[in-house]
Amino acid sequence: MSEKIFFCSECGDEISEGRYNLGYDLCLACGEREARKETKKKSKRVALAYNKGPYTYTTPNDNPKALGKK
Ligand SMILES: [Zn+2]
């Protein structure tokens with residue numbers, strides 16, 4: 001018998017050798033859950049980058065100057 005059995009490092013479910021050879025050490029269900037986590041992290045990062053944009057234009061020093069001119 002040359003068939004090897006691999007197990008999910010998350011839940012201990014059996015993983016096919018083909019899947020393991022692709023670089024997965026998680027079963028389908030755990031792999032999908034991890035992928036969803038990654039997607040959430042990425043979208044959060046994008047949102048943060050978006051929020052930072054406007055702040056760079058309104059530095060604390062700009063407001064007193066604008067008020068002083070009026
Ligand atoms: Zn699993």
# chains A, B, ... in the order shown; residues from 1 in each chain; ligands from 1
>>> residues_near_ligand(ligand="ligand 1", cutoff="10 Å", atoms="only C-alpha atoms and all ligand atoms", output="list in words")
Phe7, Cys8, Ser9, Glu10, Cys11, Gly12, Asp13, Glu14, Ile15, Asp25, Leu26, Cys27, Leu28, Ala29, Cys30, Gly31, Glu32 and Arg33 of chain A
>>> write_last_selection(atoms="N, CA, C and O atoms", output="PDB file, in the first residue's frame")
ATOM      1  N   PHE A   7      -3.913  14.424   7.667  1.00  0.00           N
ATOM      2  CA  PHE A   7      -5.024  14.910   8.490  1.00  0.00           C
ATOM      3  C   PHE A   7      -4.995  16.425   8.601  1.00  0.00           C
ATOM      4  O   PHE A   7      -3.931  17.042   8.632  1.00  0.00           O
ATOM      5  N   CYS A   8      -6.185  16.988   8.682  1.00  0.00           N
ATOM      6  CA  CYS A   8      -6.349  18.434   8.837  1.00  0.00           C
ATOM      7  C   CYS A   8      -5.706  18.878  10.149  1.00  0.00           C
ATOM      8  O   CYS A   8      -5.948  18.283  11.193  1.00  0.00           O
ATOM      9  N   SER A   9      -4.895  19.911  10.097  1.00  0.00           N
ATOM     10  CA  SER A   9      -4.219  20.373  11.300  1.00  0.00           C
ATOM     11  C   SER A   9      -5.179  21.136  12.194  1.00  0.00           C
ATOM     12  O   SER A   9      -4.844  21.499  13.306  1.00  0.00           O
ATOM     13  N   GLU A  10      -6.381  21.431  11.671  1.00  0.00           N
ATOM     14  CA  GLU A  10      -7.355  22.205  12.445  1.00  0.00           C
ATOM     15  C   GLU A  10      -8.333  21.277  13.165  1.00  0.00           C
ATOM     16  O   GLU A  10      -8.495  21.366  14.371  1.00  0.00           O
ATOM     17  N   CYS A  11      -8.981  20.377  12.429  1.00  0.00           N
ATOM     18  CA  CYS A  11     -10.039  19.557  13.023  1.00  0.00           C
ATOM     19  C   CYS A  11      -9.696  18.071  13.000  1.00  0.00           C
ATOM     20  O   CYS A  11     -10.402  17.276  13.603  1.00  0.00           O
ATOM     21  N   GLY A  12      -8.607  17.680  12.341  1.00  0.00           N
ATOM     22  CA  GLY A  12      -8.202  16.277  12.354  1.00  0.00           C
ATOM     23  C   GLY A  12      -8.898  15.433  11.299  1.00  0.00           C
ATOM     24  O   GLY A  12      -8.731  14.222  11.281  1.00  0.00           O
ATOM     25  N   ASP A  13      -9.664  16.063  10.420  1.00  0.00           N
ATOM     26  CA  ASP A  13     -10.308  15.329   9.338  1.00  0.00           C
ATOM     27  C   ASP A  13      -9.272  14.849   8.327  1.00  0.00           C
ATOM     28  O   ASP A  13      -8.208  15.447   8.205  1.00  0.00           O
ATOM     29  N   GLU A  14      -9.636  13.813   7.623  1.00  0.00           N
ATOM     30  CA  GLU A  14      -8.711  13.262   6.633  1.00  0.00           C
ATOM     31  C   GLU A  14      -8.609  14.195   5.421  1.00  0.00           C
ATOM     32  O   GLU A  14      -9.600  14.750   4.958  1.00  0.00           O
ATOM     33  N   ILE A  15      -7.413  14.383   4.919  1.00  0.00           N
ATOM     34  CA  ILE A  15      -7.195  15.170   3.698  1.00  0.00           C
ATOM     35  C   ILE A  15      -6.657  14.235   2.633  1.00  0.00           C
ATOM     36  O   ILE A  15      -5.822  13.381   2.930  1.00  0.00           O
ATOM     37  N   ASP A  25      -2.762  21.936   4.467  1.00  0.00           N
ATOM     38  CA  ASP A  25      -2.764  21.036   5.616  1.00  0.00           C
ATOM     39  C   ASP A  25      -4.081  21.191   6.368  1.00  0.00           C
ATOM     40  O   ASP A  25      -4.193  20.888   7.534  1.00  0.00           O
ATOM     41  N   LEU A  26      -5.088  21.720   5.647  1.00  0.00           N
ATOM     42  CA  LEU A  26      -6.432  21.860   6.209  1.00  0.00           C
ATOM     43  C   LEU A  26      -7.418  21.139   5.309  1.00  0.00           C
ATOM     44  O   LEU A  26      -7.223  21.066   4.107  1.00  0.00           O
ATOM     45  N   CYS A  27      -8.500  20.613   5.891  1.00  0.00           N
ATOM     46  CA  CYS A  27      -9.536  19.995   5.078  1.00  0.00           C
ATOM     47  C   CYS A  27     -10.297  21.085   4.321  1.00  0.00           C
ATOM     48  O   CYS A  27     -10.091  22.274   4.553  1.00  0.00           O
ATOM     49  N   LEU A  28     -11.206  20.684   3.458  1.00  0.00           N
ATOM     50  CA  LEU A  28     -11.948  21.656   2.645  1.00  0.00           C
ATOM     51  C   LEU A  28     -12.669  22.672   3.523  1.00  0.00           C
ATOM     52  O   LEU A  28     -12.601  23.867   3.294  1.00  0.00           O
ATOM     53  N   ALA A  29     -13.381  22.176   4.528  1.00  0.00           N
ATOM     54  CA  ALA A  29     -14.181  23.069   5.378  1.00  0.00           C
ATOM     55  C   ALA A  29     -13.295  24.078   6.106  1.00  0.00           C
ATOM     56  O   ALA A  29     -13.577  25.274   6.102  1.00  0.00           O
ATOM     57  N   CYS A  30     -12.217  23.609   6.700  1.00  0.00           N
ATOM     58  CA  CYS A  30     -11.319  24.511   7.428  1.00  0.00           C
ATOM     59  C   CYS A  30     -10.593  25.443   6.455  1.00  0.00           C
ATOM     60  O   CYS A  30     -10.365  26.602   6.756  1.00  0.00           O
ATOM     61  N   GLY A  31     -10.237  24.925   5.295  1.00  0.00           N
ATOM     62  CA  GLY A  31      -9.569  25.745   4.296  1.00  0.00           C
ATOM     63  C   GLY A  31     -10.448  26.906   3.860  1.00  0.00           C
ATOM     64  O   GLY A  31      -9.992  28.029   3.736  1.00  0.00           O
ATOM     65  N   GLU A  32     -11.737  26.613   3.677  1.00  0.00           N
ATOM     66  CA  GLU A  32     -12.657  27.676   3.263  1.00  0.00           C
ATOM     67  C   GLU A  32     -12.823  28.707   4.370  1.00  0.00           C
ATOM     68  O   GLU A  32     -12.894  29.896   4.127  1.00  0.00           O
ATOM     69  N   ARG A  33     -12.878  28.231   5.593  1.00  0.00           N
ATOM     70  CA  ARG A  33     -13.048  29.153   6.715  1.00  0.00           C
ATOM     71  C   ARG A  33     -11.827  30.067   6.816  1.00  0.00           C
ATOM     72  O   ARG A  33     -11.954  31.270   7.028  1.00  0.00           O
TER      73      ARG A  33
END
>>> residues_around(residues="Glu17 of chain A", least_positions_apart="5", cutoff="8 Å", atoms="only C-alpha atoms", output="MDAnalysis selection string")
chainID A and resid 3:6
>>> atom_distance(atom1="atom CA of Arg36 of chain A", atom2="atom CA of Gly23 of chain A")
17.7 Å
>>> atom_distance(atom1="atom CA of Lys42 of chain A", atom2="atom CA of Asn21 of chain A")
26.3 Å
